[in-house]
Amino acid sequence: MKKRPGSRRIILKAPWEIEKLRAANQIVAEILAELKELITSGITTGELDRIAAERIKQKGAKPAFKGYHGYPACTCISLNEEIVHGIPSDKKVIKEGDLVSVDLGVILDGYFGDAAFSTFAGSPPTEQARKLAEVTKEALYAGIAKAKHKKRLGDISAAIQNVAEGHGFGVVRKFVGHGIGKALHEPPEVPNFGTRGTGPVLRKGMVLAIEPMLTIGSYDVDILDDGWTAVTGDRSLSAHFEHTIAITDKGADILSDGFI
Ligand code: MF3
Ligand code: CO
């Protein structure tokens with residue numbers, strides 16, 4: 001997710017470019033589906049990242065996150081109170097009941113794919129934790145349902161916020177979704193909170209990465225000393241889901257479909 005970019009023009013994509021973006025995002029979806037199956041107690045986040053790196057290469061793509069402002073890995077893997085940008089490590093062993101959020105980006109033929117999910121290693125530790133992950137996913141799909149030609153960006157944001165806060169969860173403000181195309185982050189920002197009927201008008205050909213991050217408690221964010229890992233201010237659990245979608249005449253076309 002993008003940290004407050006400047007507002008430049010939204011780049012509309014031609015149908016052939018949307019197909020390039022679909023190809024990149026389908027690689028992301030396939031790898032995320034595989035990683036999801038591998039998440040069990042005992043595996044390290046470093047091992048999961050190595051598997052992602054291998055698959056990206058095999059599929060003829062390149063990692064999008066590695067080297068991005070110096071980021072050191074192919075995936076972001078965030079555990080429990082870590083919201084996003086957790087750095088994979090061989091020292092981070094996943095244990096039973098951990099809430100694991102995996103975010104992956106690739107570049108294929110110059111076009112970017114970006115998507116994420118949260119899941120549990122084994123069973124969720126509490127009913128509230130299970131609910132957090134479920135509602136975060138529901139919020140993502142509620143946002144996607146508003147991603148239609150001639151609607152407004154604020155319609156997406158408000159739908160996400162309503163679902164999240166309707167269930168008593170916090171919505172992270174510090175990180176937002178983004179346009180995506182020949183860059184990982186393009187205008188517009190896609191906040192997960194806002195007011196319907198406001199913001200840019202959505203148009204056919206816009207491609208957006210929508211990525212709500214919800215918390216059980218405070219939505220304040222601390223950044224750990226590694227300079228990347230974002231954790232909740234009160235160290236409560238956080239979940240994250242992300243899809244890259246294209247706006248069409250008929251509604252949202254989920255380019256990264258297939259792993260949630
Ligand atoms: N999905 C996130 C984003 O849109 C992940 C970026 S991680 C970074 O920004 F390493 F690339 F920064
Ligand atoms: Co993103």
# chains A, B, ... in the order shown; residues from 1 in each chain; ligands from 1

$ residues_near_ligand --ligand "ligand 2" --cutoff "12 Å" --atoms "only C-alpha atoms and all ligand atoms" --output "MDAnalysis selection string"
chainID A and resid 1:3 25 28 64:65 75:76 84:85 102:106 112:117 175:181 183:186 189:191 207:213 240:245 256

$ closest_atom_pairs --of "range 91-179 of chain A" --to "range 56-61 of chain A" --cutoff "9 Å" --atoms "only C-alpha atoms" --output "CSV"
residue,atom,partner,partner_atom,distance
A:Val106,CA,A:Ala61,CA,6.4
A:Ile107,CA,A:Ala61,CA,5.7
A:Leu108,CA,A:Ala61,CA,4.8
A:Asp109,CA,A:Ala61,CA,7.7

$ closest_residue --among "A:Ala73, A:Ala29, A:Leu202, A:Val135" --to "ligand 1" --atoms "only C-alpha atoms and all ligand atoms"
A:Ala73

$ atom_distance --atom1 "CA of Ala133 in chain A" --atom2 "CA of Val93 in chain A"
20.7 Å

$ closest_residue --among "A:Ile216, A:Ala239, A:Ala121, A:Ala145" --to "Ser41 in chain A" --atoms "only C-alpha atoms"
A:Ala121

$ residues_around --residues "Gly86 in chain A" --least-positions-apart "6" --cutoff "9 Å" --atoms "only C-alpha atoms" --output "PyMOL selection string"
chain A and resi 75-79+101-102+228-231

$ closest_residue --among "A:Ile247, A:Ala147, A:Ile156, A:Ile83" --to "ligand 1" --atoms "only C-alpha atoms and all ligand atoms"
A:Ile83

$ select_by_dssp --residues "range 8-213 of chain A" --states "alpha helix (DSSP H)" --output "NGL selection string"
:A and (15-38 or 45-58 or 127-145 or 153-166)

$ residues_around --residues "Ser123 in chain A" --least-positions-apart "2" --cutoff "9 Å" --atoms "only C-alpha atoms" --output "ChimeraX atom specification"
/A:96-98,120-121,125-126,130

$ write_last_selection --atoms "all heavy atoms" --output "PDB file, in the first residue's frame"
ATOM      1  N   GLU A  96       1.007 -22.364  15.786  1.00  0.00           N
ATOM      2  CA  GLU A  96      -0.436 -22.660  15.769  1.00  0.00           C
ATOM      3  C   GLU A  96      -1.246 -21.437  16.216  1.00  0.00           C
ATOM      4  O   GLU A  96      -0.929 -20.825  17.242  1.00  0.00           O
ATOM      5  CB  GLU A  96      -0.707 -23.860  16.697  1.00  0.00           C
ATOM      6  CG  GLU A  96      -2.165 -24.172  16.981  1.00  0.00           C
ATOM      7  CD  GLU A  96      -2.916 -24.752  15.788  1.00  0.00           C
ATOM      8  OE1 GLU A  96      -2.284 -25.335  14.895  1.00  0.00           O
ATOM      9  OE2 GLU A  96      -4.161 -24.620  15.770  1.00  0.00           O
ATOM     10  N   GLY A  97      -2.261 -21.092  15.421  1.00  0.00           N
ATOM     11  CA  GLY A  97      -3.150 -19.989  15.781  1.00  0.00           C
ATOM     12  C   GLY A  97      -2.676 -18.627  15.311  1.00  0.00           C
ATOM     13  O   GLY A  97      -3.408 -17.644  15.459  1.00  0.00           O
ATOM     14  N   ASP A  98      -1.475 -18.545  14.740  1.00  0.00           N
ATOM     15  CA  ASP A  98      -1.010 -17.239  14.244  1.00  0.00           C
ATOM     16  C   ASP A  98      -1.899 -16.739  13.106  1.00  0.00           C
ATOM     17  O   ASP A  98      -2.310 -17.521  12.242  1.00  0.00           O
ATOM     18  CB  ASP A  98       0.433 -17.339  13.713  1.00  0.00           C
ATOM     19  CG  ASP A  98       1.485 -17.222  14.807  1.00  0.00           C
ATOM     20  OD1 ASP A  98       1.133 -16.875  15.951  1.00  0.00           O
ATOM     21  OD2 ASP A  98       2.674 -17.485  14.503  1.00  0.00           O
ATOM     22  N   PHE A 120      -5.107 -18.257   9.022  1.00  0.00           N
ATOM     23  CA  PHE A 120      -4.580 -18.719  10.306  1.00  0.00           C
ATOM     24  C   PHE A 120      -3.757 -19.989  10.108  1.00  0.00           C
ATOM     25  O   PHE A 120      -4.086 -20.814   9.257  1.00  0.00           O
ATOM     26  CB  PHE A 120      -5.716 -18.998  11.293  1.00  0.00           C
ATOM     27  CG  PHE A 120      -6.451 -17.751  11.684  1.00  0.00           C
ATOM     28  CD1 PHE A 120      -7.579 -17.355  10.985  1.00  0.00           C
ATOM     29  CD2 PHE A 120      -5.993 -16.951  12.725  1.00  0.00           C
ATOM     30  CE1 PHE A 120      -8.239 -16.173  11.313  1.00  0.00           C
ATOM     31  CE2 PHE A 120      -6.652 -15.780  13.066  1.00  0.00           C
ATOM     32  CZ  PHE A 120      -7.776 -15.385  12.355  1.00  0.00           C
ATOM     33  N   ALA A 121      -2.715 -20.132  10.875  1.00  0.00           N
ATOM     34  CA  ALA A 121      -1.996 -21.396  10.935  1.00  0.00           C
ATOM     35  C   ALA A 121      -2.817 -22.281  11.865  1.00  0.00           C
ATOM     36  O   ALA A 121      -2.931 -21.997  13.059  1.00  0.00           O
ATOM     37  CB  ALA A 121      -0.598 -21.183  11.495  1.00  0.00           C
ATOM     38  N   PRO A 125      -7.241 -18.442  16.991  1.00  0.00           N
ATOM     39  CA  PRO A 125      -7.087 -18.536  18.452  1.00  0.00           C
ATOM     40  C   PRO A 125      -8.354 -18.148  19.205  1.00  0.00           C
ATOM     41  O   PRO A 125      -8.599 -18.667  20.298  1.00  0.00           O
ATOM     42  CB  PRO A 125      -5.954 -17.564  18.761  1.00  0.00           C
ATOM     43  CG  PRO A 125      -5.946 -16.590  17.625  1.00  0.00           C
ATOM     44  CD  PRO A 125      -6.418 -17.358  16.432  1.00  0.00           C
ATOM     45  N   THR A 126      -9.121 -17.228  18.642  1.00  0.00           N
ATOM     46  CA  THR A 126     -10.357 -16.782  19.291  1.00  0.00           C
ATOM     47  C   THR A 126     -11.419 -16.533  18.224  1.00  0.00           C
ATOM     48  O   THR A 126     -11.102 -16.372  17.039  1.00  0.00           O
ATOM     49  CB  THR A 126     -10.155 -15.437  20.039  1.00  0.00           C
ATOM     50  OG1 THR A 126      -9.816 -14.428  19.074  1.00  0.00           O
ATOM     51  CG2 THR A 126      -9.065 -15.512  21.098  1.00  0.00           C
ATOM     52  N   ARG A 130     -11.086 -14.827  14.324  1.00  0.00           N
ATOM     53  CA  ARG A 130     -11.701 -15.414  13.134  1.00  0.00           C
ATOM     54  C   ARG A 130     -12.592 -14.384  12.442  1.00  0.00           C
ATOM     55  O   ARG A 130     -12.561 -14.193  11.239  1.00  0.00           O
ATOM     56  CB  ARG A 130     -12.536 -16.649  13.522  1.00  0.00           C
ATOM     57  CG  ARG A 130     -13.049 -17.448  12.332  1.00  0.00           C
ATOM     58  CD  ARG A 130     -14.171 -18.412  12.711  1.00  0.00           C
ATOM     59  NE  ARG A 130     -15.379 -17.740  13.172  1.00  0.00           N
ATOM     60  CZ  ARG A 130     -16.218 -17.061  12.392  1.00  0.00           C
ATOM     61  NH1 ARG A 130     -16.003 -16.973  11.107  1.00  0.00           N
ATOM     62  NH2 ARG A 130     -17.274 -16.457  12.912  1.00  0.00           N
TER      63      ARG A 130
END

$ closest_residue --among "A:Ile144, A:Leu153, A:Leu255, A:Ala246" --to "Lys13 in chain A" --atoms "only C-alpha atoms"
A:Ala246

$ closest_residue --among "A:Leu48, A:Pro15, A:Pro63, A:Arg203" --to "Lys148 in chain A" --atoms "only C-alpha atoms"
A:Arg203

$ closest_residue --among "A:Gly251, A:Asp155, A:Lys174, A:Val163" --to "ligand 1" --atoms "only C-alpha atoms and all ligand atoms"
A:Lys174

$ decode --residues "range 232-254 of chain A" --atoms "N, CA, C and O atoms" --output "compact mmCIF listing (two decimals), in the first residue's frame"
# COMPACT_ATOMS: atom_id res chain seq x y z
N THR A 232 0.12 -2.63 14.98
CA THR A 232 -0.94 -1.85 15.60
C THR A 232 -0.40 -1.14 16.84
O THR A 232 0.43 -1.70 17.57
N GLY A 233 -0.88 0.07 17.08
CA GLY A 233 -0.41 0.86 18.21
C GLY A 233 -0.61 0.15 19.53
O GLY A 233 0.24 0.24 20.43
N ASP A 234 -1.72 -0.59 19.65
CA ASP A 234 -2.01 -1.29 20.91
C ASP A 234 -1.63 -2.77 20.84
O ASP A 234 -1.96 -3.54 21.75
N ARG A 235 -0.97 -3.16 19.74
CA ARG A 235 -0.51 -4.54 19.51
C ARG A 235 -1.67 -5.54 19.43
O ARG A 235 -1.49 -6.75 19.65
N SER A 236 -2.85 -5.04 19.07
CA SER A 236 -3.97 -5.94 18.82
C SER A 236 -3.81 -6.54 17.41
O SER A 236 -3.03 -6.04 16.60
N LEU A 237 -4.57 -7.60 17.12
CA LEU A 237 -4.46 -8.29 15.84
C LEU A 237 -4.90 -7.42 14.68
O LEU A 237 -5.76 -6.55 14.82
N SER A 238 -4.34 -7.71 13.51
CA SER A 238 -4.72 -7.01 12.28
C SER A 238 -4.78 -7.98 11.11
O SER A 238 -4.00 -8.93 11.04
N ALA A 239 -5.72 -7.72 10.18
CA ALA A 239 -5.85 -8.55 8.98
C ALA A 239 -5.84 -7.67 7.73
O ALA A 239 -6.16 -6.47 7.80
N HIS A 240 -5.50 -8.26 6.59
CA HIS A 240 -5.30 -7.53 5.34
C HIS A 240 -5.70 -8.41 4.16
O HIS A 240 -5.22 -9.54 4.06
N PHE A 241 -6.58 -7.90 3.30
CA PHE A 241 -6.89 -8.59 2.04
C PHE A 241 -6.75 -7.58 0.90
O PHE A 241 -7.09 -6.40 1.08
N GLU A 242 -6.29 -8.05 -0.23
CA GLU A 242 -6.09 -7.14 -1.39
C GLU A 242 -6.37 -7.86 -2.69
O GLU A 242 -5.93 -8.98 -2.90
N HIS A 243 -7.11 -7.16 -3.57
CA HIS A 243 -7.29 -7.60 -4.95
C HIS A 243 -6.95 -6.44 -5.87
O HIS A 243 -7.19 -5.27 -5.53
N THR A 244 -6.44 -6.77 -7.05
CA THR A 244 -6.31 -5.79 -8.13
C THR A 244 -7.51 -5.98 -9.06
O THR A 244 -7.78 -7.11 -9.49
N ILE A 245 -8.23 -4.90 -9.31
CA ILE A 245 -9.46 -4.97 -10.13
C ILE A 245 -9.42 -3.94 -11.26
O ILE A 245 -8.77 -2.90 -11.15
N ALA A 246 -10.13 -4.25 -12.34
CA ALA A 246 -10.29 -3.28 -13.43
C ALA A 246 -11.74 -2.84 -13.47
O ALA A 246 -12.65 -3.66 -13.28
N ILE A 247 -11.97 -1.55 -13.68
CA ILE A 247 -13.34 -1.03 -13.81
C ILE A 247 -13.79 -1.27 -15.25
O ILE A 247 -13.09 -0.89 -16.19
N THR A 248 -14.95 -1.89 -15.41
CA THR A 248 -15.52 -2.12 -16.75
C THR A 248 -16.92 -1.51 -16.78
O THR A 248 -17.41 -1.02 -15.74
N ASP A 249 -17.57 -1.58 -17.94
CA ASP A 249 -18.96 -1.11 -18.06
C ASP A 249 -19.87 -1.85 -17.10
O ASP A 249 -20.84 -1.29 -16.60
N LYS A 250 -19.54 -3.11 -16.87
CA LYS A 250 -20.45 -3.97 -16.11
C LYS A 250 -20.15 -4.00 -14.61
O LYS A 250 -20.92 -4.51 -13.84
N GLY A 251 -18.98 -3.49 -14.21
CA GLY A 251 -18.61 -3.55 -12.80
C GLY A 251 -17.14 -3.84 -12.68
O GLY A 251 -16.36 -3.54 -13.57
N ALA A 252 -16.76 -4.47 -11.57
CA ALA A 252 -15.33 -4.75 -11.36
C ALA A 252 -14.96 -6.11 -11.94
O ALA A 252 -15.68 -7.09 -11.77
N ASP A 253 -13.84 -6.14 -12.61
CA ASP A 253 -13.26 -7.37 -13.13
C ASP A 253 -12.07 -7.68 -12.21
O ASP A 253 -11.10 -6.92 -12.17
N ILE A 254 -12.17 -8.74 -11.43
CA ILE A 254 -11.12 -9.05 -10.43
C ILE A 254 -9.95 -9.74 -11.13
O ILE A 254 -10.01 -10.94 -11.41
